[in-house]
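Asks: Pasting entry12.cif here (mmCIF, C-alpha atoms):
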data_structure
loop_
_atom_site.label_atom_id
_atom_site.label_comp_id
_atom_site.auth_asym_id
_atom_site.auth_seq_id
_atom_site.Cartn_x
_atom_site.Cartn_y
_atom_site.Cartn_z
CA MET A 11 90.78 103.11 72.72
CA VAL A 12 90.55 102.93 76.46
CA SER A 13 88.00 104.82 78.43
CA PRO A 14 89.31 108.28 79.23
CA SER A 15 87.54 108.17 82.58
CA ALA A 16 89.80 105.54 84.18
CA PRO A 17 92.30 107.54 86.24
CA ILE A 18 95.11 104.99 85.95
CA ALA A 19 98.56 106.24 84.88
CA MET A 20 99.32 103.31 82.53
CA LEU A 21 95.93 103.54 80.83
CA ARG A 22 96.59 107.23 80.13
CA GLY A 23 100.03 106.38 78.72
CA LEU A 24 101.83 107.91 81.70
CA GLN A 25 104.81 106.47 83.58
CA THR A 26 105.62 107.09 87.23
CA CYS A 27 109.33 107.14 88.03
CA ASP A 28 110.11 104.56 90.76
CA THR A 29 113.08 106.63 91.86
CA CYS A 30 111.95 110.26 91.99
CA GLY A 31 108.17 109.97 91.57
CA LEU A 32 107.90 112.21 88.49
CA LEU A 33 104.98 111.48 86.18
CA SER A 34 105.89 111.67 82.49
CA ARG A 35 104.84 110.53 79.00
CA PRO A 36 107.10 108.58 76.61
CA ALA A 37 108.27 110.66 73.63
CA PRO A 38 106.24 109.88 70.48
CA GLY A 39 107.56 106.73 68.81
CA ALA A 40 110.03 105.93 71.59
CA SER A 41 109.72 102.51 73.20
CA GLU A 42 112.02 103.14 76.12
CA GLY A 43 112.49 106.52 77.71
CA ARG A 44 114.30 107.91 80.69
CA CYS A 45 113.00 110.10 83.45
CA PRO A 46 113.83 113.68 82.45
CA ARG A 47 114.42 114.60 86.09
CA CYS A 48 116.51 111.76 87.56
CA ASP A 49 117.65 109.80 84.46
CA GLU A 50 116.08 106.49 85.58
CA VAL A 51 114.95 104.08 82.84
CA LEU A 52 111.15 104.11 82.87
CA GLU A 53 108.69 101.26 82.34
CA PHE A 54 104.94 101.03 82.86
CA ARG A 55 105.56 97.98 85.06
CA LYS A 56 108.78 96.43 86.35
CA PRO A 57 110.16 94.37 83.41
CA ASP A 58 109.39 90.63 83.58
CA SER A 59 108.27 91.13 87.15
CA ILE A 60 106.36 87.85 87.49
CA GLN A 61 109.05 85.66 85.91
CA ARG A 62 111.87 87.26 87.88
CA THR A 63 109.95 87.00 91.16
CA TRP A 64 109.18 83.32 90.50
CA ALA A 65 112.84 82.66 89.69
CA PHE A 66 114.09 84.17 92.95
CA LEU A 67 111.28 82.54 94.89
CA ILE A 68 111.92 79.04 93.55
CA ALA A 69 115.66 79.43 94.19
CA ALA A 70 114.84 80.51 97.76
CA ALA A 71 112.50 77.54 98.28
CA VAL A 72 115.22 75.15 97.06
CA CYS A 73 117.79 76.67 99.45
CA TYR A 74 115.26 76.55 102.28
CA ILE A 75 115.61 72.75 102.50
CA PRO A 76 119.39 72.50 103.18
CA ALA A 77 119.11 75.66 105.29
CA ASN A 78 116.92 73.75 107.71
CA LEU A 79 118.52 70.30 107.44
CA LEU A 80 122.23 71.18 107.61
CA PRO A 81 123.89 72.41 110.81
CA VAL A 82 124.42 76.16 111.18
CA LEU A 83 126.77 75.87 114.16
CA THR A 84 129.27 73.23 115.25
CA THR A 85 130.42 73.31 118.88
CA ALA A 86 133.66 71.51 119.73
CA THR A 87 134.46 70.82 123.37
CA ALA A 88 136.84 68.47 125.15
CA ALA A 89 134.01 65.97 125.21
CA GLY A 90 133.55 66.00 121.43
CA ALA A 91 131.79 67.94 118.67
CA GLU A 92 128.11 68.67 118.32
CA SER A 93 126.27 70.20 115.36
CA ASP A 94 123.04 72.14 115.56
CA THR A 95 120.50 73.05 112.89
CA ILE A 96 118.41 76.22 113.20
CA MET A 97 115.56 74.32 114.84
CA GLN A 98 117.92 72.63 117.32
CA GLY A 99 119.29 76.08 118.13
CA VAL A 100 115.76 77.24 118.94
CA VAL A 101 115.22 74.23 121.21
CA LEU A 102 118.60 74.77 122.93
CA LEU A 103 117.72 78.39 123.71
CA TRP A 104 114.42 77.35 125.24
CA SER A 105 114.64 77.60 129.03
CA PRO A 106 112.62 79.22 131.82
CA THR A 107 114.57 82.46 131.33
CA GLY A 108 115.68 82.19 127.72
CA TRP A 109 112.35 81.45 126.03
CA PRO A 110 111.75 84.99 124.71
CA LEU A 111 115.01 84.79 122.74
CA SER A 112 114.14 81.33 121.56
CA LEU A 113 110.85 82.76 120.31
CA ILE A 114 112.64 85.61 118.48
CA VAL A 115 114.85 83.12 116.62
CA LEU A 116 111.88 80.85 115.90
CA VAL A 117 109.86 83.73 114.38
CA ALA A 118 112.76 85.35 112.50
CA SER A 119 114.42 82.18 111.20
CA ILE A 120 111.60 79.69 110.64
CA MET A 121 108.29 81.51 110.48
CA ILE A 122 109.22 84.68 108.54
CA PRO A 123 111.08 82.95 105.66
CA SER A 124 108.39 80.31 105.14
CA ALA A 125 105.55 82.85 105.45
CA LYS A 126 107.33 85.08 102.95
CA ILE A 127 107.73 82.30 100.38
CA LEU A 128 104.07 81.23 100.73
CA ALA A 129 102.71 84.81 100.68
CA LEU A 130 104.69 85.77 97.55
CA ALA A 131 103.61 82.57 95.79
CA TYR A 132 99.98 83.41 96.65
CA LEU A 133 100.38 86.97 95.30
CA LEU A 134 101.97 85.70 92.07
CA ILE A 135 99.23 83.11 91.51
CA SER A 136 96.43 85.59 92.27
CA VAL A 137 97.93 88.10 89.81
CA ARG A 138 98.28 85.43 87.12
CA ARG A 139 94.64 84.44 87.62
CA GLY A 140 93.54 88.06 87.20
CA SER A 141 92.00 88.25 90.65
CA VAL A 142 90.07 91.45 91.39
CA GLU A 143 89.28 90.48 94.97
CA ASN A 144 90.90 91.32 98.29
CA ASN A 145 93.12 93.95 96.65
CA ARG A 146 93.59 95.87 99.87
CA GLN A 147 94.44 92.73 101.83
CA ARG A 148 96.84 91.60 99.13
CA ILE A 149 98.66 94.96 98.98
CA ARG A 150 98.86 94.94 102.79
CA MET A 151 100.35 91.45 102.65
CA TYR A 152 102.96 92.71 100.18
CA ARG A 153 103.87 95.64 102.46
CA ILE A 154 104.20 93.35 105.49
CA ILE A 155 106.58 90.91 103.75
CA GLU A 156 108.56 93.85 102.37
CA PHE A 157 108.91 95.25 105.90
CA ILE A 158 109.70 92.10 107.90
CA GLY A 159 111.92 90.27 105.41
CA ARG A 160 115.21 91.76 106.60
CA TRP A 161 114.65 90.50 110.17
CA SER A 162 115.37 86.95 109.03
CA MET A 163 119.03 87.95 108.99
CA VAL A 164 119.01 87.82 112.81
CA ASP A 165 120.17 84.22 112.95
CA VAL A 166 123.09 84.91 110.60
CA PHE A 167 124.31 87.61 113.00
CA VAL A 168 123.72 85.43 116.08
CA ASP A 169 125.84 82.63 114.59
CA THR A 170 128.50 85.02 113.26
CA PHE A 171 129.19 86.63 116.61
CA THR A 172 128.83 83.43 118.63
CA ALA A 173 131.46 81.80 116.42
CA ALA A 174 133.76 84.83 116.44
CA LEU A 175 133.69 85.04 120.23
CA ILE A 176 133.81 81.43 121.37
CA GLN A 177 137.34 80.52 120.29
CA LEU A 178 138.75 79.01 123.46
CA GLN A 179 140.65 76.02 122.10
CA PRO A 180 140.94 73.38 123.40
CA LEU A 181 138.27 74.16 125.96
CA MET A 182 135.46 75.12 123.63
CA SER A 183 135.15 76.50 120.14
CA VAL A 184 132.21 77.24 117.86
CA GLU A 185 132.36 77.26 114.06
CA PRO A 186 129.66 78.12 111.50
CA GLY A 187 128.23 75.12 109.65
CA PRO A 188 127.29 74.63 105.96
CA GLY A 189 123.61 75.37 106.68
CA LEU A 190 124.45 79.01 107.36
CA PHE A 191 125.29 79.67 103.71
CA PHE A 192 121.96 78.27 102.54
CA PHE A 193 120.08 80.15 105.22
CA ALA A 194 121.73 83.45 104.21
CA ALA A 195 120.88 82.60 100.59
CA VAL A 196 117.19 82.19 101.52
CA VAL A 197 117.16 85.63 103.15
CA VAL A 198 118.87 87.36 100.22
CA LEU A 199 116.84 85.54 97.53
CA THR A 200 113.49 86.29 99.19
CA MET A 201 114.48 89.96 99.54
CA LEU A 202 115.35 90.05 95.83
CA ALA A 203 112.03 88.34 95.03
CA VAL A 204 110.09 91.00 96.94
CA GLU A 205 112.06 93.75 95.17
CA SER A 206 111.30 92.20 91.75
CA PHE A 207 107.57 92.06 92.36
CA ASP A 208 105.60 95.04 91.07
CA PRO A 209 102.72 95.73 93.52
CA ARG A 210 100.77 97.54 90.79
CA LEU A 211 100.17 94.14 89.19
CA ILE A 212 97.79 93.38 92.08
CA TRP A 213 95.54 96.20 90.87
CA ASP A 214 95.86 95.77 87.12
CA ALA A 215 92.93 93.36 86.73
CA THR A 216 90.77 95.86 88.64
CA ASN A 217 92.20 98.75 86.61
CA LEU A 218 91.16 97.03 83.39
CA SER A 219 87.67 96.16 84.62
CA GLU A 220 87.19 99.85 85.49
CA VAL A 221 87.78 100.53 81.81
CA ALA A 222 85.37 97.82 80.69
CA HIS A 223 82.57 99.08 82.89
CA GLY A 224 83.24 102.74 82.33
CA MET B 25 127.13 108.03 70.38
CA TYR B 26 124.21 106.42 72.13
CA GLU B 27 121.54 109.02 72.58
CA ARG B 28 119.26 109.05 75.57
CA VAL B 29 115.58 109.45 74.93
CA TYR B 30 113.80 111.34 77.66
CA ASN B 31 110.14 111.23 78.49
CA GLN B 32 108.06 114.41 78.37
CA PRO B 33 106.97 115.72 81.77
CA ILE B 34 103.31 116.59 82.13
CA ALA B 35 101.98 120.08 82.66
CA ASP B 36 100.30 119.52 86.01
CA ALA B 37 103.19 119.12 88.46
CA ALA B 38 100.90 118.07 91.34
CA LEU B 39 99.60 115.05 89.40
CA VAL B 40 101.15 111.74 90.54
CA GLY B 41 100.60 108.04 89.97
CA CYS B 42 100.47 105.89 93.11
CA PRO B 43 103.59 103.66 93.14
CA HIS B 44 101.59 100.77 94.64
CA CYS B 45 98.39 100.84 92.55
CA ASP B 46 98.96 103.31 89.65
CA LEU B 47 95.97 105.50 90.56
CA LEU B 48 96.33 109.06 89.24
CA GLN B 49 95.73 111.76 91.79
CA ARG B 50 96.67 115.31 92.73
CA LEU B 51 98.90 115.75 95.74
CA PRO B 52 97.52 118.43 98.04
CA ASP B 53 99.80 121.05 99.53
CA LEU B 54 100.58 119.76 103.00
CA ALA B 55 101.34 121.44 106.30
CA PRO B 56 104.59 120.25 107.95
CA GLY B 57 104.05 116.91 109.65
CA ALA B 58 100.98 116.05 107.57
CA SER B 59 100.96 113.16 105.11
CA ALA B 60 99.03 112.28 101.96
CA ARG B 61 97.84 108.74 101.33
CA CYS B 62 96.46 107.03 98.25
CA PRO B 63 92.66 106.89 98.68
CA ARG B 64 92.52 103.48 97.02
CA CYS B 65 95.43 101.42 98.42
CA ASP B 66 96.44 103.53 101.45
CA GLU B 67 100.10 103.91 100.36
CA GLU B 68 101.75 106.95 101.92
CA LEU B 69 102.55 109.18 98.93
CA TRP B 70 104.21 112.04 100.72
CA ARG B 71 104.88 113.22 104.25
CA ARG B 72 106.00 116.79 104.63
CA ARG B 73 108.71 117.32 107.24
CA GLU B 74 109.45 120.36 109.30
CA ASP B 75 112.92 121.85 108.58
CA SER B 76 113.87 118.59 106.87
CA LEU B 77 117.36 119.35 105.51
CA ASN B 78 118.88 120.92 108.63
CA ARG B 79 117.59 118.19 110.90
CA THR B 80 118.70 115.47 108.51
CA LEU B 81 122.17 116.98 108.26
CA ALA B 82 122.55 117.22 112.05
CA LEU B 83 121.40 113.63 112.58
CA THR B 84 123.62 112.38 109.75
CA ILE B 85 126.74 114.00 111.19
CA ALA B 86 125.98 112.47 114.60
CA ALA B 87 125.41 109.07 112.95
CA ALA B 88 128.72 109.32 111.05
CA VAL B 89 130.66 109.96 114.27
CA LEU B 90 128.97 107.12 116.15
CA PHE B 91 129.44 104.76 113.20
CA ALA B 92 133.19 105.46 113.15
CA VAL B 93 133.43 104.81 116.90
CA ALA B 94 131.29 101.66 116.70
CA ASN B 95 133.64 100.12 114.16
CA SER B 96 136.90 100.88 115.92
CA VAL B 97 136.25 99.54 119.42
CA PRO B 98 135.32 96.04 120.69
CA MET B 99 131.65 95.13 120.67
CA LEU B 100 131.53 91.97 122.77
CA GLY B 101 133.97 90.28 125.11
CA LEU B 102 133.93 87.32 127.41
CA THR B 103 135.96 85.79 130.20
CA ILE B 104 135.93 82.13 131.07
CA VAL B 105 138.20 80.42 133.57
CA GLY B 106 140.74 83.21 133.38
CA ARG B 107 140.78 83.48 129.58
CA GLU B 108 139.55 86.49 127.67
CA ALA B 109 138.29 87.06 124.13
CA SER B 110 136.67 89.97 122.36
CA THR B 111 135.42 90.83 118.89
CA THR B 112 134.52 93.87 116.81
CA VAL B 113 131.80 94.05 114.13
CA ILE B 114 134.39 93.61 111.35
CA GLY B 115 136.06 90.86 113.40
CA GLY B 116 132.87 88.82 113.19
CA ALA B 117 132.78 89.03 109.39
CA ASP B 118 136.53 88.37 109.20
CA HIS B 119 136.21 85.20 111.29
CA LEU B 120 133.67 83.77 108.81
CA TRP B 121 135.92 84.71 105.88
CA GLN B 122 138.96 83.04 107.49
CA GLY B 123 136.91 79.96 108.33
CA GLY B 124 135.99 79.36 104.68
CA GLN B 125 132.48 80.86 104.84
CA ARG B 126 133.50 83.67 102.50
CA ILE B 127 130.11 84.46 100.99
CA VAL B 128 128.36 84.67 104.35
CA GLY B 129 131.29 86.71 105.70
CA ALA B 130 130.96 89.12 102.79
CA LEU B 131 127.20 89.38 103.39
CA VAL B 132 127.74 90.22 107.06
CA LEU B 133 130.34 92.83 106.08
CA LEU B 134 127.93 94.29 103.48
CA THR B 135 124.90 94.51 105.76
CA ALA B 136 126.66 95.54 108.98
CA VAL B 137 129.47 97.78 107.70
CA VAL B 138 129.55 98.64 103.98
CA ALA B 139 125.86 99.42 103.37
CA PRO B 140 125.47 101.48 106.57
CA ALA B 141 128.66 103.42 105.66
CA LEU B 142 127.27 104.14 102.18
CA GLN B 143 123.86 105.00 103.63
CA ILE B 144 125.36 107.56 106.01
CA GLY B 145 127.92 108.83 103.50
CA SER B 146 125.44 109.35 100.67
CA MET B 147 122.95 111.01 103.01
CA LEU B 148 125.67 113.37 104.24
CA ALA B 149 126.55 114.38 100.68
CA ILE B 150 122.87 114.76 99.73
CA ALA B 151 122.06 116.89 102.77
CA ILE B 152 125.04 119.18 102.05
CA GLY B 153 124.50 119.29 98.27
CA ALA B 154 120.79 120.00 98.63
CA HIS B 155 121.43 123.23 100.53
CA ARG B 156 121.88 125.04 97.20
CA SER B 157 118.63 126.44 95.92
CA ARG B 158 119.15 124.38 92.77
CA PRO B 159 121.04 121.16 93.70
CA ARG B 160 123.44 119.79 91.07
CA LYS B 161 122.89 116.58 89.10
CA TRP B 162 125.29 114.58 91.28
CA VAL B 163 122.89 115.06 94.20
CA GLY B 164 120.24 113.33 92.08
CA ARG B 165 122.62 110.46 91.26
CA LEU B 166 123.24 109.89 94.99
CA LEU B 167 119.54 110.20 95.72
CA ARG B 168 118.90 107.46 93.15
CA PHE B 169 121.48 105.23 94.80
CA HIS B 170 120.46 105.90 98.41
CA PRO B 171 117.40 103.56 98.72
CA ALA B 172 119.54 100.51 97.85
CA THR B 173 121.98 101.33 100.67
CA ARG B 174 119.00 101.60 102.99
CA LEU B 175 117.64 98.21 101.94
CA TRP B 176 120.89 96.37 102.70
CA SER B 177 121.88 98.35 105.80
CA MET B 178 120.83 96.14 108.72
CA ILE B 179 122.34 97.63 111.86
CA GLU B 180 119.07 97.19 113.78
CA VAL B 181 118.85 93.52 112.79
CA MET B 182 122.49 93.00 113.78
CA MET B 183 121.79 94.57 117.19
CA LEU B 184 119.03 92.05 117.87
CA GLY B 185 121.32 89.22 116.73
CA VAL B 186 124.13 90.40 119.00
CA LEU B 187 121.76 90.58 121.98
CA VAL B 188 120.57 87.01 121.33
CA ALA B 189 124.21 85.84 121.01
CA LEU B 190 125.08 87.67 124.22
CA VAL B 191 122.40 85.89 126.24
CA LYS B 192 123.30 82.57 124.62
CA ILE B 193 126.98 82.94 125.52
CA ALA B 194 126.11 84.08 129.05
CA ASP B 195 125.26 80.43 129.74
CA TYR B 196 128.92 79.43 129.39
CA ALA B 197 130.93 82.50 130.21
CA THR B 198 130.88 85.97 131.70
CA VAL B 199 129.95 88.37 128.93
CA ILE B 200 131.47 91.86 128.81
CA PRO B 201 129.40 94.22 126.64
CA GLY B 202 131.85 96.44 124.73
CA MET B 203 131.67 100.17 124.08
CA ALA B 204 130.56 99.52 120.49
CA LEU B 205 127.44 97.73 121.70
CA TYR B 206 126.11 100.84 123.44
CA VAL B 207 127.14 103.09 120.55
CA LEU B 208 125.36 100.82 118.05
CA GLY B 209 122.25 100.88 120.23
CA VAL B 210 122.11 104.68 119.93
CA LEU B 211 123.01 104.52 116.23
CA VAL B 212 119.92 102.37 115.50
CA PHE B 213 117.67 105.22 116.69
CA LEU B 214 119.77 107.93 115.02
CA LEU B 215 119.55 106.19 111.63
CA ALA B 216 115.79 105.80 111.99
CA ALA B 217 115.45 109.49 112.90
CA MET B 218 117.75 110.49 110.01
CA GLN B 219 115.55 108.68 107.48
CA ALA B 220 112.30 109.86 109.11
CA ASN B 221 113.33 113.53 108.89
CA PHE B 222 114.51 113.36 105.29
CA ASP B 223 112.08 114.44 102.58
CA PRO B 224 113.34 113.21 99.18
CA LYS B 225 110.41 114.79 97.33
CA GLU B 226 111.41 118.26 98.50
CA VAL B 227 114.93 117.75 97.10
CA TRP B 228 113.72 116.22 93.82
CA GLU B 229 111.50 119.24 93.22
CA ARG B 230 114.44 121.65 93.30
CA ILE B 231 117.08 119.52 91.59
CA GLU B 232 118.80 120.20 88.25
CA TRP B 233 117.13 117.94 85.69
CA ALA B 234 118.95 115.11 83.91
CA ALA B 235 117.42 116.10 80.56
CA ASP B 236 118.91 119.31 79.18
CA GLY B 237 116.98 122.39 80.02
CA SER B 238 115.11 123.40 83.12
CA PRO B 239 111.64 122.08 83.84
CA ARG B 240 110.26 125.49 82.88
CA GLU B 241 111.20 124.86 79.25
CA PHE B 242 108.84 121.93 79.34
CA ALA B 243 106.03 124.14 80.62
CA GLY B 244 102.73 123.47 78.95
CA GLY B 245 104.08 120.03 77.96
CA ASP B 246 101.22 117.65 77.94
CA GLU B 247 97.66 118.64 78.54
CA ARG B 248 96.12 115.28 77.74
CA ALA B 249 96.99 114.01 81.20
CA ALA B 250 94.64 116.52 82.73
CA GLY B 251 90.94 115.87 82.83
CA GLN B 252 89.14 113.77 85.33
CA ILE B 253 91.33 112.10 87.95
CA ALA B 254 90.61 110.22 91.12
CA GLU B 255 87.68 111.45 93.09
CA PRO B 256 86.85 110.55 96.68
CA GLY B 257 84.90 107.36 96.91
CA TRP B 258 87.54 104.88 95.80
#
For this file, produce the structure as structure tokens.

Replies:
Amino acid sequence: MVSPSAPIAMLRGLQTCDTCGLLSRPAPGASEGRCPRCDEVLEFRKPDSIQRTWAFLIAAAVCYIPANLLPVLTTATAAGAESDTIMQGVVLLWSPTGWPLSLIVLVASIMIPSAKILALAYLLISVRRGSVENNRQRIRMYRIIEFIGRWSMVDVFVDTFTAALIQLQPLMSVEPGPGLFFFAAVVVLTMLAVESFDPRLIWDATNLSEVAHG
Amino acid sequence: MYERVYNQPIADAALVGCPHCDLLQRLPDLAPGASARCPRCDEELWRRREDSLNRTLALTIAAAVLFAVANSVPMLGLTIVGREASTTVIGGADHLWQGGQRIVGALVLLTAVVAPALQIGSMLAIAIGAHRSRPRKWVGRLLRFHPATRLWSMIEVMMLGVLVALVKIADYATVIPGMALYVLGVLVFLLAAMQANFDPKEVWERIEWAADGSPREFAGGDERAAGQIAEPGW
């Protein structure tokens, strides 16, 4: 029997609804219940959170390679065709007046996706190891990657509207390249990975040690 | 027929579990504008809004009008050596689809058009439906669905992307910002204000429950949850 003094919902057999926030207790003998207020299926923790997050994360890391190696835009002019990867696009934008935009694309397209993959991998490993340290820093890290993840989509929109607008055959035309699909896949997969991760797992090792030490 | 098993609500309605760290605590009664945070992990548990429903409804109606305008007029145009071209938001997604990049085209359509439309539409229905003193179950179903539309609605990200594209293209051609560009710029702030003024907790507290019977019939439900909960000092 767990210590009754630990004020943790799961340890008291209580489930918080992710959707409407209602706190409730599973009916006696029932393994899976629904929220009586909003009808959501309730669990103590998101089901298979660690495995699902790893799956999305590994898929994202795999797509990250072609996303950076394949061209995202192909520009055809009278002089010939030229293909640019994301990094080449950043370099092309770099100029005495254009450098702030170049920086935006560099941060949103290169730094955010790689930081997100590394940060989530760190959170997953620390949870698996039962870490009870840096809980506040780790939950803050989770909130930051949850908040900034969507901004990686910037480059997809830049390339979409550049290609849609520059259709001046035979003078100049721009078409999206195969790298764009993989880049979009990285953004979507990392967002799904963040959604699959249950932040309460960060605190569970601490929650249990509270029980052990009264 | 498949029977749904519902959990039992607990007696103390102010008792909540933190969604980010599972700490049990009692939500205080807040003055409008004040917020309650988890003492352990600092997650914002509730922020009470002043006149939430009326403000949300007004902002949502304004957002719906601007959204309709933004999607029916050109967003960006250019002229180069006497030739002109222009595109709308949907035109951008359509160009990708036509060019064989169907999945990316569908993603652009989802994040720039479909999800924002569902976000605004569901919020409009919620704000209207929640004006009853006891909102119907369908309001709850929309309220369940609404966060997903918010996650995939990326108008603000698209705006940044369009601005970068605009400056990039300005190197080759004369760029003509379209009407939709200005409308979308205002819409970004309206959508943020719409979400900031909405208080889902206030609606959930009044809503008709999914399980048969009103919450009052559950009164006195579970006393075991009471007892010592979080104290300051975490």

Asks: How far is it from CA of Leu52 in chain A to CA of Gln25 in chain A, in Å with one decimal?

Replies: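 CA of Gln25 in chain A lies at a distance of 6.8 Å from CA of Leu52 in chain A.
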
Asks: When the PyMOL selection byres ((chain A and resi 131-135) around 8) is applied to the structure above, which residues does it catch, written out as a list in words?

Replies: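 Applying the PyMOL selection byres ((chain A and resi 131-135) around 8) to the structure shown produces Ile60, Trp64, Leu67, Ile127, Leu128, Ala129, Leu130, Ser136, Val137, Arg138, Arg139, Arg148, Tyr152 and Ile212 of chain A.
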
Asks: Pick out the residues sitting within 9 Å of Ala173 in chain A, and hand them over as a list in words; count all atoms listed in the file, and ignore anything fewer than 3 positions along from it in its own chain.

Replies: Leu83, Thr84, Thr85, Val168, Asp169, Thr170, Ile176, Gln177, Ser183, Val184, Glu185 and Pro186 of chain A; Gly116, His119 and Leu120 of chain B

Asks: Let me see the file: selected residues, C-alpha atoms, as a PDB file, in the coordinates of the input.

Replies:
ATOM      1  CA  LEU A  83     126.770  75.870 114.160  1.00  0.00           C
ATOM      2  CA  THR A  84     129.270  73.230 115.250  1.00  0.00           C
ATOM      3  CA  THR A  85     130.420  73.310 118.880  1.00  0.00           C
ATOM      4  CA  VAL A 168     123.720  85.430 116.080  1.00  0.00           C
ATOM      5  CA  ASP A 169     125.840  82.630 114.590  1.00  0.00           C
ATOM      6  CA  THR A 170     128.500  85.020 113.260  1.00  0.00           C
ATOM      7  CA  ILE A 176     133.810  81.430 121.370  1.00  0.00           C
ATOM      8  CA  GLN A 177     137.340  80.520 120.290  1.00  0.00           C
ATOM      9  CA  SER A 183     135.150  76.500 120.140  1.00  0.00           C
ATOM     10  CA  VAL A 184     132.210  77.240 117.860  1.00  0.00           C
ATOM     11  CA  GLU A 185     132.360  77.260 114.060  1.00  0.00           C
ATOM     12  CA  PRO A 186     129.660  78.120 111.500  1.00  0.00           C
TER      13      PRO A 186
ATOM     14  CA  GLY B 116     132.870  88.820 113.190  1.00  0.00           C
ATOM     15  CA  HIS B 119     136.210  85.200 111.290  1.00  0.00           C
ATOM     16  CA  LEU B 120     133.670  83.770 108.810  1.00  0.00           C
TER      17      LEU B 120
END

Asks: I'd like the residues picked by the PyMOL selection byres ((chain A and resi 203) around 10) written out as a CSV table (one decimal) with C-alpha atoms, keeping the file's coordinate frame, using the chain letters and numbers from the file.

Replies:
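After the write, out02.csv holds the following:
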chain,number,residue,atom,x,y,z
A,59,SER,CA,108.3,91.1,87.2
A,60,ILE,CA,106.4,87.8,87.5
A,61,GLN,CA,109.0,85.7,85.9
A,62,ARG,CA,111.9,87.3,87.9
A,63,THR,CA,110.0,87.0,91.2
A,64,TRP,CA,109.2,83.3,90.5
A,65,ALA,CA,112.8,82.7,89.7
A,66,PHE,CA,114.1,84.2,93.0
A,67,LEU,CA,111.3,82.5,94.9
A,68,ILE,CA,111.9,79.0,93.6
A,69,ALA,CA,115.7,79.4,94.2
A,70,ALA,CA,114.8,80.5,97.8
A,126,LYS,CA,107.3,85.1,103.0
A,127,ILE,CA,107.7,82.3,100.4
A,130,LEU,CA,104.7,85.8,97.6
A,156,GLU,CA,108.6,93.8,102.4
A,197,VAL,CA,117.2,85.6,103.2
A,198,VAL,CA,118.9,87.4,100.2
A,199,LEU,CA,116.8,85.5,97.5
A,200,THR,CA,113.5,86.3,99.2
A,201,MET,CA,114.5,90.0,99.5
A,202,LEU,CA,115.4,90.0,95.8
A,204,VAL,CA,110.1,91.0,96.9
A,205,GLU,CA,112.1,93.8,95.2
A,206,SER,CA,111.3,92.2,91.8
A,207,PHE,CA,107.6,92.1,92.4

Asks: Near Leu83 in chain B, within 10 Å and counting all atoms listed in the file, which residues show up once chain neighbours fewer than 3 positions away are dropped, as a PDB file with C-alpha atoms, keeping the file's coordinate frame?

Replies:
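See around.pdb below for the written result:
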ATOM      1  CA  LEU B  77     117.360 119.350 105.510  1.00  0.00           C
ATOM      2  CA  ASN B  78     118.880 120.920 108.630  1.00  0.00           C
ATOM      3  CA  ARG B  79     117.590 118.190 110.900  1.00  0.00           C
ATOM      4  CA  THR B  80     118.700 115.470 108.510  1.00  0.00           C
ATOM      5  CA  ALA B  86     125.980 112.470 114.600  1.00  0.00           C
ATOM      6  CA  ALA B  87     125.410 109.070 112.950  1.00  0.00           C
ATOM      7  CA  ALA B  88     128.720 109.320 111.050  1.00  0.00           C
ATOM      8  CA  ILE B 144     125.360 107.560 106.010  1.00  0.00           C
ATOM      9  CA  LEU B 148     125.670 113.370 104.240  1.00  0.00           C
ATOM     10  CA  LEU B 211     123.010 104.520 116.230  1.00  0.00           C
ATOM     11  CA  LEU B 214     119.770 107.930 115.020  1.00  0.00           C
ATOM     12  CA  LEU B 215     119.550 106.190 111.630  1.00  0.00           C
ATOM     13  CA  ALA B 216     115.790 105.800 111.990  1.00  0.00           C
ATOM     14  CA  ALA B 217     115.450 109.490 112.900  1.00  0.00           C
ATOM     15  CA  MET B 218     117.750 110.490 110.010  1.00  0.00           C
ATOM     16  CA  GLN B 219     115.550 108.680 107.480  1.00  0.00           C
ATOM     17  CA  ASN B 221     113.330 113.530 108.890  1.00  0.00           C
TER      18      ASN B 221
END

Asks: Spell out the residues picked by the PyMOL selection byres ((chain B and resi 146) around 10) here, as a PyMOL selection string.

Replies: chain B and resi 84+140-145+147-152+163+165-167+169-170+173

Asks: With all atoms listed in the file as the atoms that count, which of B:Ser96, B:Ala197, B:Glu226, B:Gln32 lies nearest to Arg71 in chain B?

Replies: B:Glu226

Asks: Taking all atoms listed in the file into account, which of B:Cys45, B:Ala109, B:Val137, B:Val188 comes nearest Leu113 in chain A?

Replies: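 Looking at the shortest contact to Leu113 in chain A, the residue is B:Val188.
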
Asks: One number please: CA of Val40 in chain B to CA of Leu33 in chain A, in Å, one decimal.

Replies: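 Answer for the CA of Val40 in chain B to CA of Leu33 in chain A separation: 5.8 Å.
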
Asks: With distances taken over only C-alpha atoms, which of A:Val196, A:Met121, A:Leu111, A:Ala89 is nearest to chain B?

Replies: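 Comparing A:Val196, A:Met121, A:Leu111, A:Ala89 against chain B, the winner is A:Leu111.
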
Asks: Would you mind reading off the distance between CA of Ile18 in chain A and CA of Arg44 in chain A, one decimal, in Å?

Replies: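 One can read the CA of Ile18 in chain A to CA of Arg44 in chain A distance as 20.1 Å.
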
Asks: Rank A:Ala77, A:Arg153, A:Thr29, A:Thr87 by their smallest atom-to-atom distance to Glu68 in chain B, using only C-alpha atoms, and report the top residue only.

Replies: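 Ranked by minimum distance to Glu68 in chain B, first place goes to A:Arg153.
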
Asks: My list of candidates is A:Lys56, A:Gly159, A:Cys48, A:Gly23. Which is closest to chain B when distances are computed with only C-alpha atoms?

Replies: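 When distances to chain B are compared using only C-alpha atoms, the smallest one comes from A:Cys48.
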